[in-house]
$ cat protein29.pdb   # PDB, C-alpha atoms
ATOM      1  CA  MET A 596     -42.685 -64.545  36.452
ATOM      2  CA  GLY A 597     -39.691 -64.910  38.717
ATOM      3  CA  GLU A 598     -37.740 -61.953  39.989
ATOM      4  CA  ALA A 599     -34.383 -62.414  38.240
ATOM      5  CA  ARG A 600     -33.737 -60.049  35.345
ATOM      6  CA  TYR A 601     -30.849 -59.979  32.899
ATOM      7  CA  GLU A 602     -29.715 -57.151  30.686
ATOM      8  CA  VAL A 603     -29.149 -57.657  26.971
ATOM      9  CA  MET A 604     -26.674 -55.234  25.363
ATOM     10  CA  PRO A 605     -26.929 -55.033  21.571
ATOM     11  CA  ILE A 606     -23.610 -55.796  19.870
ATOM     12  CA  GLY A 607     -24.713 -54.282  16.562
ATOM     13  CA  ALA A 608     -27.669 -53.715  14.264
ATOM     14  CA  VAL A 609     -29.112 -54.858  10.946
ATOM     15  CA  GLU A 610     -28.758 -52.579   7.910
ATOM     16  CA  SER A 611     -31.348 -53.676   5.369
ATOM     17  CA  ALA A 612     -33.604 -52.372   2.622
ATOM     18  CA  LEU A 613     -36.458 -54.026   4.554
ATOM     19  CA  THR A 614     -38.083 -51.342   6.663
ATOM     20  CA  ASP A 615     -41.698 -52.438   7.038
ATOM     21  CA  PRO A 616     -42.253 -55.485   9.252
ATOM     22  CA  ALA A 617     -45.547 -56.144   7.458
ATOM     23  CA  GLU A 618     -43.657 -56.624   4.199
ATOM     24  CA  ALA A 619     -40.837 -58.726   5.599
ATOM     25  CA  PRO A 620     -40.943 -62.442   4.827
ATOM     26  CA  LYS A 621     -41.799 -64.581   7.842
ATOM     27  CA  GLN A 622     -38.595 -66.597   7.520
ATOM     28  CA  GLY A 623     -35.355 -65.832   5.705
ATOM     29  CA  ASP A 624     -35.650 -68.862   3.429
ATOM     30  CA  GLU A 625     -38.881 -67.393   2.060
ATOM     31  CA  GLY A 626     -37.017 -64.701   0.174
ATOM     32  CA  GLY A 627     -35.188 -62.566   2.719
ATOM     33  CA  PRO A 628     -32.843 -60.067   1.057
ATOM     34  CA  GLU A 629     -29.139 -59.535   1.466
ATOM     35  CA  ALA A 630     -28.331 -57.283   4.411
ATOM     36  CA  TRP A 631     -25.443 -55.983   6.480
ATOM     37  CA  LEU A 632     -24.766 -56.881  10.079
ATOM     38  CA  VAL A 633     -22.995 -53.825  11.477
ATOM     39  CA  PHE A 634     -21.157 -54.274  14.759
ATOM     40  CA  GLU A 635     -20.133 -52.059  17.652
ATOM     41  CA  PRO A 636     -16.387 -51.281  17.878
ATOM     42  CA  GLY A 637     -16.156 -53.009  21.243
ATOM     43  CA  VAL A 638     -16.944 -56.500  19.924
ATOM     44  CA  LEU A 639     -15.015 -56.630  16.637
ATOM     45  CA  GLU A 640     -12.318 -58.845  18.085
ATOM     46  CA  GLY A 641     -14.919 -61.575  18.542
ATOM     47  CA  LEU A 642     -15.699 -61.642  14.800
ATOM     48  CA  HIS A 643     -12.259 -62.403  13.389
ATOM     49  CA  ASP A 644     -12.919 -66.033  12.528
ATOM     50  CA  ILE A 645     -16.114 -65.589  10.529
ATOM     51  CA  HIS A 646     -15.542 -66.045   6.798
ATOM     52  CA  PRO A 647     -17.461 -65.951   3.504
ATOM     53  CA  GLY A 648     -19.450 -69.145   3.023
ATOM     54  CA  ASP A 649     -19.922 -69.736   6.744
ATOM     55  CA  ARG A 650     -23.431 -70.570   7.959
ATOM     56  CA  ILE A 651     -24.187 -68.567  11.071
ATOM     57  CA  ILE A 652     -27.165 -67.952  13.319
ATOM     58  CA  VAL A 653     -27.857 -64.290  14.023
ATOM     59  CA  LEU A 654     -29.713 -63.637  17.274
ATOM     60  CA  THR A 655     -31.673 -60.409  17.300
ATOM     61  CA  TRP A 656     -33.824 -58.535  19.784
ATOM     62  CA  LEU A 657     -37.132 -57.934  17.995
ATOM     63  CA  HIS A 658     -37.605 -54.526  19.565
ATOM     64  CA  ARG A 659     -40.971 -53.820  17.924
ATOM     65  CA  ALA A 660     -42.571 -57.000  19.230
ATOM     66  CA  ARG A 661     -45.254 -57.237  21.904
ATOM     67  CA  ARG A 662     -44.087 -59.015  25.036
ATOM     68  CA  ASP A 663     -47.500 -59.576  26.623
ATOM     69  CA  VAL A 664     -48.705 -62.100  24.031
ATOM     70  CA  LEU A 665     -48.948 -65.844  24.782
ATOM     71  CA  ARG A 666     -51.254 -67.021  21.980
ATOM     72  CA  VAL A 667     -51.143 -66.041  18.304
ATOM     73  CA  HIS A 668     -52.620 -66.907  14.932
ATOM     74  CA  PRO A 669     -49.552 -68.385  13.194
ATOM     75  CA  ARG A 670     -48.173 -66.238  10.374
ATOM     76  CA  ASP A 671     -50.606 -63.452  11.371
ATOM     77  CA  ASP A 672     -53.330 -65.290   9.438
ATOM     78  CA  LEU A 673     -56.679 -65.301  11.266
ATOM     79  CA  ALA A 674     -57.611 -68.456   9.338
ATOM     80  CA  ASN A 675     -54.958 -70.331  11.352
ATOM     81  CA  PRO A 676     -56.216 -71.443  14.793
ATOM     82  CA  GLU A 677     -54.576 -69.717  17.742
ATOM     83  CA  GLN A 678     -51.497 -71.439  19.132
ATOM     84  CA  GLY A 679     -49.278 -70.964  22.127
ATOM     85  CA  VAL A 680     -46.413 -68.666  21.089
ATOM     86  CA  PHE A 681     -43.774 -71.184  22.130
ATOM     87  CA  SER A 682     -44.805 -73.561  19.336
ATOM     88  CA  THR A 683     -44.549 -70.722  16.777
ATOM     89  CA  ARG A 684     -41.838 -68.390  15.476
ATOM     90  CA  SER A 685     -43.988 -65.316  16.182
ATOM     91  CA  ALA A 686     -41.969 -62.183  17.008
ATOM     92  CA  ASP A 687     -44.507 -61.430  19.751
ATOM     93  CA  ARG A 688     -43.473 -63.424  22.864
ATOM     94  CA  PRO A 689     -42.228 -62.700  26.405
ATOM     95  CA  ASN A 690     -38.568 -62.402  25.333
ATOM     96  CA  PRO A 691     -38.600 -61.416  21.640
ATOM     97  CA  ILE A 692     -35.323 -62.989  20.558
ATOM     98  CA  GLY A 693     -35.128 -63.743  16.835
ATOM     99  CA  LEU A 694     -33.085 -66.638  15.383
ATOM    100  CA  HIS A 695     -31.941 -66.119  11.820
ATOM    101  CA  PRO A 696     -29.851 -68.772  10.050
ATOM    102  CA  VAL A 697     -27.982 -66.985   7.233
ATOM    103  CA  GLU A 698     -24.975 -67.429   4.967
ATOM    104  CA  VAL A 699     -22.002 -65.060   5.066
ATOM    105  CA  ILE A 700     -21.293 -63.400   1.711
ATOM    106  CA  SER A 701     -18.416 -61.113   2.690
ATOM    107  CA  THR A 702     -16.805 -59.472   5.688
ATOM    108  CA  GLU A 703     -15.343 -56.021   6.314
ATOM    109  CA  ALA A 704     -13.744 -54.470   9.377
ATOM    110  CA  ASP A 705     -16.967 -53.796  11.280
ATOM    111  CA  ARG A 706     -19.626 -55.524   9.194
ATOM    112  CA  ILE A 707     -20.731 -58.811   7.672
ATOM    113  CA  ARG A 708     -22.825 -59.157   4.504
ATOM    114  CA  VAL A 709     -25.357 -62.006   4.666
ATOM    115  CA  ARG A 710     -28.101 -63.423   2.471
ATOM    116  CA  ASP A 711     -31.671 -64.359   3.414
ATOM    117  CA  LEU A 712     -32.135 -62.154   6.460
ATOM    118  CA  GLU A 713     -35.774 -61.275   7.121
ATOM    119  CA  ALA A 714     -35.101 -58.819   9.994
ATOM    120  CA  VAL A 715     -35.962 -55.176   9.295
ATOM    121  CA  ASP A 716     -33.505 -52.278   9.182
ATOM    122  CA  GLY A 717     -32.360 -51.205  12.634
ATOM    123  CA  THR A 718     -33.082 -54.497  14.398
ATOM    124  CA  PRO A 719     -30.597 -54.887  17.272
ATOM    125  CA  ILE A 720     -28.191 -57.838  17.043
ATOM    126  CA  VAL A 721     -27.463 -59.568  20.352
ATOM    127  CA  ASP A 722     -25.326 -62.580  19.341
ATOM    128  CA  VAL A 723     -23.850 -64.534  16.432
ATOM    129  CA  LYS A 724     -23.144 -68.284  16.590
ATOM    130  CA  PRO A 725     -21.948 -70.899  14.106
ATOM    131  CA  VAL A 726     -24.569 -73.350  12.823
ATOM    132  CA  LEU A 727     -24.124 -76.776  14.439
ATOM    133  CA  GLY A 728     -26.381 -79.573  13.301
ATOM    134  CA  ALA A 729     -29.997 -78.571  13.887
ATOM    135  CA  GLY A 730     -29.133 -75.192  15.250
TER     136      GLY A 730
ATOM    137  CA  MET B 996     -21.371 -50.698  22.824
ATOM    138  CA  GLY B 997     -24.502 -48.678  22.070
ATOM    139  CA  GLU B 998     -26.719 -47.312  24.753
ATOM    140  CA  ALA B 999     -29.879 -49.329  24.252
ATOM    141  CA  ARG B1000     -30.522 -52.037  26.797
ATOM    142  CA  TYR B1001     -33.230 -54.668  26.917
ATOM    143  CA  GLU B1002     -34.429 -56.692  29.858
ATOM    144  CA  VAL B1003     -34.702 -60.469  29.659
ATOM    145  CA  MET B1004     -37.234 -62.035  32.035
ATOM    146  CA  PRO B1005     -36.750 -65.756  32.637
ATOM    147  CA  ILE B1006     -39.885 -67.762  31.814
ATOM    148  CA  GLY B1007     -38.680 -70.835  33.686
ATOM    149  CA  ALA B1008     -35.629 -72.854  34.672
ATOM    150  CA  VAL B1009     -33.895 -76.148  33.917
ATOM    151  CA  GLU B1010     -34.203 -78.995  36.437
ATOM    152  CA  SER B1011     -31.377 -81.430  35.756
ATOM    153  CA  ALA B1012     -29.045 -83.891  37.438
ATOM    154  CA  LEU B1013     -26.206 -81.901  35.816
ATOM    155  CA  THR B1014     -24.928 -79.450  38.403
ATOM    156  CA  ASP B1015     -21.269 -78.913  37.511
ATOM    157  CA  PRO B1016     -20.650 -76.948  34.299
ATOM    158  CA  ALA B1017     -17.208 -78.538  34.013
ATOM    159  CA  GLU B1018     -18.836 -81.964  33.723
ATOM    160  CA  ALA B1019     -21.584 -80.966  31.320
ATOM    161  CA  PRO B1020     -21.184 -82.034  27.684
ATOM    162  CA  LYS B1021     -20.374 -79.149  25.350
ATOM    163  CA  GLN B1022     -23.391 -79.882  23.175
ATOM    164  CA  GLY B1023     -26.566 -81.864  23.868
ATOM    165  CA  ASP B1024     -25.878 -84.360  21.096
ATOM    166  CA  GLU B1025     -22.680 -85.358  22.898
ATOM    167  CA  GLY B1026     -24.627 -87.127  25.609
ATOM    168  CA  GLY B1027     -26.755 -84.543  27.383
ATOM    169  CA  PRO B1028     -29.133 -86.147  29.891
ATOM    170  CA  GLU B1029     -32.889 -85.978  30.145
ATOM    171  CA  ALA B1030     -34.040 -82.915  32.065
ATOM    172  CA  TRP B1031     -37.163 -80.948  32.974
ATOM    173  CA  LEU B1032     -38.008 -77.505  31.708
ATOM    174  CA  VAL B1033     -40.087 -75.970  34.507
ATOM    175  CA  PHE B1034     -42.101 -72.873  33.617
ATOM    176  CA  GLU B1035     -43.461 -69.871  35.490
ATOM    177  CA  PRO B1036     -47.254 -69.846  36.009
ATOM    178  CA  GLY B1037     -47.586 -66.660  33.957
ATOM    179  CA  VAL B1038     -46.465 -68.246  30.659
ATOM    180  CA  LEU B1039     -48.166 -71.655  30.714
ATOM    181  CA  GLU B1040     -50.784 -70.602  28.187
ATOM    182  CA  GLY B1041     -48.014 -70.219  25.621
ATOM    183  CA  LEU B1042     -46.994 -73.879  25.949
ATOM    184  CA  HIS B1043     -50.303 -75.593  25.087
ATOM    185  CA  ASP B1044     -49.319 -76.730  21.624
ATOM    186  CA  ILE B1045     -46.026 -78.445  22.449
ATOM    187  CA  HIS B1046     -46.328 -82.236  22.307
ATOM    188  CA  PRO B1047     -44.196 -85.367  22.838
ATOM    189  CA  GLY B1048     -41.957 -85.982  19.843
ATOM    190  CA  ASP B1049     -41.694 -82.295  18.931
ATOM    191  CA  ARG B1050     -38.219 -80.915  18.225
ATOM    192  CA  ILE B1051     -37.815 -77.588  19.977
ATOM    193  CA  ILE B1052     -35.041 -75.086  20.573
ATOM    194  CA  VAL B1053     -34.670 -74.016  24.188
ATOM    195  CA  LEU B1054     -33.081 -70.595  24.655
ATOM    196  CA  THR B1055     -31.366 -70.141  27.996
ATOM    197  CA  TRP B1056     -29.517 -67.357  29.768
ATOM    198  CA  LEU B1057     -26.152 -68.859  30.747
ATOM    199  CA  HIS B1058     -26.022 -66.959  34.011
ATOM    200  CA  ARG B1059     -22.630 -68.301  35.081
ATOM    201  CA  ALA B1060     -20.869 -67.146  31.913
ATOM    202  CA  ARG B1061     -18.367 -64.301  31.613
ATOM    203  CA  ARG B1062     -19.597 -61.435  29.468
ATOM    204  CA  ASP B1063     -16.251 -59.661  28.971
ATOM    205  CA  VAL B1064     -14.715 -62.383  26.795
ATOM    206  CA  LEU B1065     -14.266 -61.954  23.022
ATOM    207  CA  ARG B1066     -11.702 -64.672  22.260
ATOM    208  CA  VAL B1067     -11.635 -68.255  23.567
ATOM    209  CA  HIS B1068      -9.898 -71.563  23.108
ATOM    210  CA  PRO B1069     -12.725 -73.643  21.595
ATOM    211  CA  ARG B1070     -14.077 -76.372  23.878
ATOM    212  CA  ASP B1071     -11.909 -74.973  26.707
ATOM    213  CA  ASP B1072      -8.951 -76.858  25.231
ATOM    214  CA  LEU B1073      -5.741 -74.829  25.295
ATOM    215  CA  ALA B1074      -4.450 -76.949  22.390
ATOM    216  CA  ASN B1075      -7.072 -75.270  20.170
ATOM    217  CA  PRO B1076      -5.978 -71.854  18.845
ATOM    218  CA  GLU B1077      -7.909 -68.883  20.192
ATOM    219  CA  GLN B1078     -10.939 -67.879  18.150
ATOM    220  CA  GLY B1079     -13.386 -65.016  18.212
ATOM    221  CA  VAL B1080     -16.333 -66.045  20.398
ATOM    222  CA  PHE B1081     -18.863 -65.432  17.635
ATOM    223  CA  SER B1082     -17.481 -68.335  15.601
ATOM    224  CA  THR B1083     -17.776 -70.654  18.636
ATOM    225  CA  ARG B1084     -20.538 -71.936  20.902
ATOM    226  CA  SER B1085     -18.677 -70.815  24.031
ATOM    227  CA  ALA B1086     -20.955 -69.851  26.921
ATOM    228  CA  ASP B1087     -18.672 -66.880  27.586
ATOM    229  CA  ARG B1088     -19.763 -64.036  25.275
ATOM    230  CA  PRO B1089     -21.283 -60.548  25.565
ATOM    231  CA  ASN B1090     -24.870 -61.841  25.712
ATOM    232  CA  PRO B1091     -24.669 -65.424  27.035
ATOM    233  CA  ILE B1092     -27.754 -66.866  25.369
ATOM    234  CA  GLY B1093     -27.662 -70.646  24.955
ATOM    235  CA  LEU B1094     -29.389 -72.489  22.074
ATOM    236  CA  HIS B1095     -30.327 -76.063  22.855
ATOM    237  CA  PRO B1096     -32.100 -78.208  20.247
ATOM    238  CA  VAL B1097     -33.901 -80.975  22.154
ATOM    239  CA  GLU B1098     -36.714 -83.486  21.732
ATOM    240  CA  VAL B1099     -39.848 -83.406  23.873
ATOM    241  CA  ILE B1100     -40.452 -86.644  25.798
ATOM    242  CA  SER B1101     -43.538 -85.687  27.780
ATOM    243  CA  THR B1102     -45.466 -82.675  29.017
ATOM    244  CA  GLU B1103     -47.198 -81.848  32.306
ATOM    245  CA  ALA B1104     -49.107 -78.784  33.453
ATOM    246  CA  ASP B1105     -46.079 -76.600  34.154
ATOM    247  CA  ARG B1106     -43.170 -78.621  32.806
ATOM    248  CA  ILE B1107     -41.745 -80.363  29.754
ATOM    249  CA  ARG B1108     -39.420 -83.380  29.840
ATOM    250  CA  VAL B1109     -36.705 -83.300  27.165
ATOM    251  CA  ARG B1110     -33.722 -85.401  26.124
ATOM    252  CA  ASP B1111     -30.157 -84.289  25.349
ATOM    253  CA  LEU B1112     -30.052 -81.022  27.287
ATOM    254  CA  GLU B1113     -26.535 -80.007  28.331
ATOM    255  CA  ALA B1114     -27.594 -77.005  30.462
ATOM    256  CA  VAL B1115     -26.949 -77.319  34.202
ATOM    257  CA  ASP B1116     -29.582 -77.364  36.943
ATOM    258  CA  GLY B1117     -31.034 -73.922  37.602
ATOM    259  CA  THR B1118     -30.182 -72.406  34.214
ATOM    260  CA  PRO B1119     -32.822 -69.752  33.410
ATOM    261  CA  ILE B1120     -35.000 -70.423  30.350
ATOM    262  CA  VAL B1121     -35.810 -67.339  28.270
ATOM    263  CA  ASP B1122     -37.651 -68.758  25.229
ATOM    264  CA  VAL B1123     -38.801 -71.931  23.457
ATOM    265  CA  LYS B1124     -39.234 -72.170  19.684
ATOM    266  CA  PRO B1125     -40.081 -74.936  17.222
ATOM    267  CA  VAL B1126     -37.217 -76.239  15.071
ATOM    268  CA  LEU B1127     -37.551 -74.975  11.481
ATOM    269  CA  GLY B1128     -35.038 -76.257   8.961
ATOM    270  CA  ALA B1129     -31.559 -75.313  10.154
ATOM    271  CA  GLY B1130     -32.789 -73.734  13.335
TER     272      GLY B1130
END
$ encode --input "protein29.pdb" --output "structure tokens"
Amino acid sequence: MGEARYEVMPIGAVESALTDPAEAPKQGDEGGPEAWLVFEPGVLEGLHDIHPGDRIIVLTWLHRARRDVLRVHPRDDLANPEQGVFSTRSADRPNPIGLHPVEVISTEADRIRVRDLEAVDGTPIVDVKPVLGAG
Amino acid sequence: MGEARYEVMPIGAVESALTDPAEAPKQGDEGGPEAWLVFEPGVLEGLHDIHPGDRIIVLTWLHRARRDVLRVHPRDDLANPEQGVFSTRSADRPNPIGLHPVEVISTEADRIRVRDLEAVDGTPIVDVKPVLGAG
């Protein structure tokens, strides 16, 4: 790969009852639980205009993922033929950034409650964006 | 912010006639041009199952963005009241990751032609994912 490198600084982390990646649903709309997004003090000013009912996209850094994987069996099912990772939502990929469309339930000073988040407890959050059209 | 840091390695770059960020549309569906996604040799195996007509989300690292900004006037229009960056799609934000939903026009060995990409020439690509539902 090229020589440029960029540094991602987590802005917060997921607090969830989900702790085992093997038991997490593959996508939030397959039964992800409610969870908290808990943010670092230094970024709270950027969150002021997020409100209950908003649809947001949470970007995470899937810190347990393998970064040396380019082909996977989709959904970890060996019955599925191998595919290039870039046509799958596998966590294993060169830059393991997760995209999680969720709905805001409530907000507090340093945290946001959301529904349908499949990320496990402790997953670093790297960005939050509003949903626009197809994402 | 916390102490963990993660390293993003670009997997490719945008080749586009758009060179001036000030002239780029704010979102691809506002008239983004066709562009090439050009990939590093080391990741080509991960691209094999992307085909013309596919809807994909290109994740970029907006390397010209400011990372110390938490409030912005949406769409760079001073007539819009300031908002927290996390309820906007501003490029300026702590981790300037861009999300670009685009359609694949054609594929070649190391590149993919797409329509409606608002990222400027030379923007690093960090991931590609299939569109699923709301993104």
$ atom_distance --input "protein29.pdb" --atom1 "atom CA of Tyr1001 of chain B" --atom2 "atom CA of Val603 of chain A"
5.1 Å
$ resolve_selection --input "protein29.pdb" --expression "the PyMOL selection byres ((chain A and resi 630-632) around 8)" --output "PyMOL selection string"
chain A and resi 607-612+628-629+633-634+706-712+720
$ residues_around --input "protein29.pdb" --residues "His1095 of chain B" --least-positions-apart "3" --cutoff "12 Å" --atoms "all atoms listed in the file" --output "MDAnalysis selection string"
(chainID A and resid 726:730) or (chainID B and resid 1009 1020:1024 1027 1032 1050:1057 1084 1086 1092 1098 1109:1115 1118 1120:1126 1130)
$ atom_distance --input "protein29.pdb" --atom1 "atom CA of Met1004 of chain B" --atom2 "atom CA of His1043 of chain B"
20.1 Å
$ atom_distance --input "protein29.pdb" --atom1 "atom CA of Thr702 of chain A" --atom2 "atom CA of Leu642 of chain A"
9.4 Å
$ resolve_selection --input "protein29.pdb" --expression "the PyMOL selection byres ((chain B and resi 1040) around 9)" --output "PyMOL selection string"
(chain A and resi 665-666+679-680) or (chain B and resi 1036-1039+1041-1043)
$ closest_residue --input "protein29.pdb" --among "A:Val697, A:Thr683, A:Glu635, A:Pro647" --to "Glu998 of chain B" --atoms "only C-alpha atoms"
A:Glu635
$ closest_residue --input "protein29.pdb" --among "A:Arg600, A:Val699, A:Ile606, A:Pro689" --to "Arg662 of chain A" --atoms "all atoms listed in the file"
A:Pro689
$ closest_residue --input "protein29.pdb" --among "A:Gly717, A:Ile645, A:Leu613, A:Gly626" --to "Glu703 of chain A" --atoms "only C-alpha atoms"
A:Ile645
$ closest_residue --input "protein29.pdb" --among "B:Pro1005, B:His1058, B:Asp1049, B:Val1064" --to "Glu1077 of chain B" --atoms "all atoms listed in the file"
B:Val1064
$ axis_aligned_box --input "protein29.pdb" --around "segment 1007-1021 of chain B" --padding-each-side "4 Å" --output "lines of an AutoDock Vina configuration file"
center_x = -27.9
center_y = -77.4
center_z = 31.9
size_x = 29.5
size_y = 21.1
size_z = 21.1
$ closest_residue --input "protein29.pdb" --among "B:Leu1073, B:Ala1019, B:Thr1014, B:Pro1119" --to "chain A" --atoms "only C-alpha atoms"
B:Pro1119
$ closest_residue --input "protein29.pdb" --among "A:Pro676, A:Phe681, A:Gly648, A:Pro616" --to "chain B" --atoms "all atoms listed in the file"
A:Phe681
$ decode --input "protein29.pdb" --residues "segment 1085-1104 of chain B" --atoms "N, CA, C and O atoms" --output "short mmCIF file (atom, residue, chain, number, x, y, z; two decimals), in the first residue's frame"
data_model
loop_
_atom_site.label_atom_id
_atom_site.label_comp_id
_atom_site.auth_asym_id
_atom_site.auth_seq_id
_atom_site.Cartn_x
_atom_site.Cartn_y
_atom_site.Cartn_z
N SER B 1085 -20.30 18.02 7.45
CA SER B 1085 -19.07 18.80 7.25
C SER B 1085 -17.84 17.92 7.13
O SER B 1085 -17.72 16.91 7.83
N ALA B 1086 -16.92 18.28 6.25
CA ALA B 1086 -15.64 17.56 6.18
C ALA B 1086 -14.80 17.82 7.43
O ALA B 1086 -14.01 16.97 7.84
N ASP B 1087 -14.94 19.03 7.98
CA ASP B 1087 -14.17 19.39 9.18
C ASP B 1087 -14.78 18.71 10.39
O ASP B 1087 -15.93 18.97 10.75
N ARG B 1088 -14.00 17.85 11.06
CA ARG B 1088 -14.48 17.08 12.21
C ARG B 1088 -13.29 16.32 12.76
O ARG B 1088 -12.27 16.19 12.08
N PRO B 1089 -13.38 15.79 13.99
CA PRO B 1089 -12.19 15.19 14.60
C PRO B 1089 -11.55 14.08 13.77
O PRO B 1089 -10.32 14.01 13.65
N ASN B 1090 -12.38 13.19 13.21
CA ASN B 1090 -11.86 12.16 12.31
C ASN B 1090 -12.54 12.35 10.95
O ASN B 1090 -13.69 11.93 10.76
N PRO B 1091 -11.87 13.00 10.00
CA PRO B 1091 -12.53 13.42 8.76
C PRO B 1091 -12.69 12.27 7.76
O PRO B 1091 -12.03 12.22 6.72
N ILE B 1092 -13.61 11.37 8.10
CA ILE B 1092 -13.92 10.24 7.23
C ILE B 1092 -15.13 10.63 6.39
O ILE B 1092 -16.17 11.03 6.94
N GLY B 1093 -15.02 10.53 5.08
CA GLY B 1093 -16.13 10.83 4.19
C GLY B 1093 -16.88 9.57 3.81
O GLY B 1093 -16.27 8.52 3.62
N LEU B 1094 -18.21 9.65 3.72
CA LEU B 1094 -19.06 8.54 3.24
C LEU B 1094 -19.68 8.96 1.93
O LEU B 1094 -20.39 9.97 1.89
N HIS B 1095 -19.46 8.18 0.89
CA HIS B 1095 -19.92 8.57 -0.44
C HIS B 1095 -20.67 7.40 -1.07
O HIS B 1095 -20.05 6.46 -1.57
N PRO B 1096 -22.01 7.43 -1.06
CA PRO B 1096 -22.75 6.38 -1.77
C PRO B 1096 -22.69 6.65 -3.27
O PRO B 1096 -23.04 7.76 -3.72
N VAL B 1097 -22.23 5.69 -4.04
CA VAL B 1097 -22.07 5.87 -5.49
C VAL B 1097 -22.51 4.60 -6.20
O VAL B 1097 -22.68 3.55 -5.59
N GLU B 1098 -22.65 4.72 -7.53
CA GLU B 1098 -22.99 3.56 -8.35
C GLU B 1098 -21.81 3.19 -9.22
O GLU B 1098 -21.15 4.07 -9.80
N VAL B 1099 -21.54 1.90 -9.32
CA VAL B 1099 -20.42 1.41 -10.14
C VAL B 1099 -20.83 1.43 -11.61
O VAL B 1099 -21.87 0.88 -11.99
N ILE B 1100 -19.99 2.07 -12.44
CA ILE B 1100 -20.24 2.09 -13.89
C ILE B 1100 -19.46 0.97 -14.58
O ILE B 1100 -19.98 0.26 -15.42
N SER B 1101 -18.20 0.82 -14.22
CA SER B 1101 -17.39 -0.22 -14.85
C SER B 1101 -16.22 -0.54 -13.94
O SER B 1101 -15.91 0.21 -13.01
N THR B 1102 -15.58 -1.68 -14.19
CA THR B 1102 -14.43 -2.07 -13.38
C THR B 1102 -13.28 -2.47 -14.31
O THR B 1102 -13.50 -3.00 -15.40
N GLU B 1103 -12.06 -2.18 -13.88
CA GLU B 1103 -10.86 -2.65 -14.56
C GLU B 1103 -9.97 -3.30 -13.50
O GLU B 1103 -10.35 -3.37 -12.34
N ALA B 1104 -8.79 -3.74 -13.92
CA ALA B 1104 -7.96 -4.53 -13.00
C ALA B 1104 -7.74 -3.82 -11.67
O ALA B 1104 -7.88 -4.43 -10.60
#
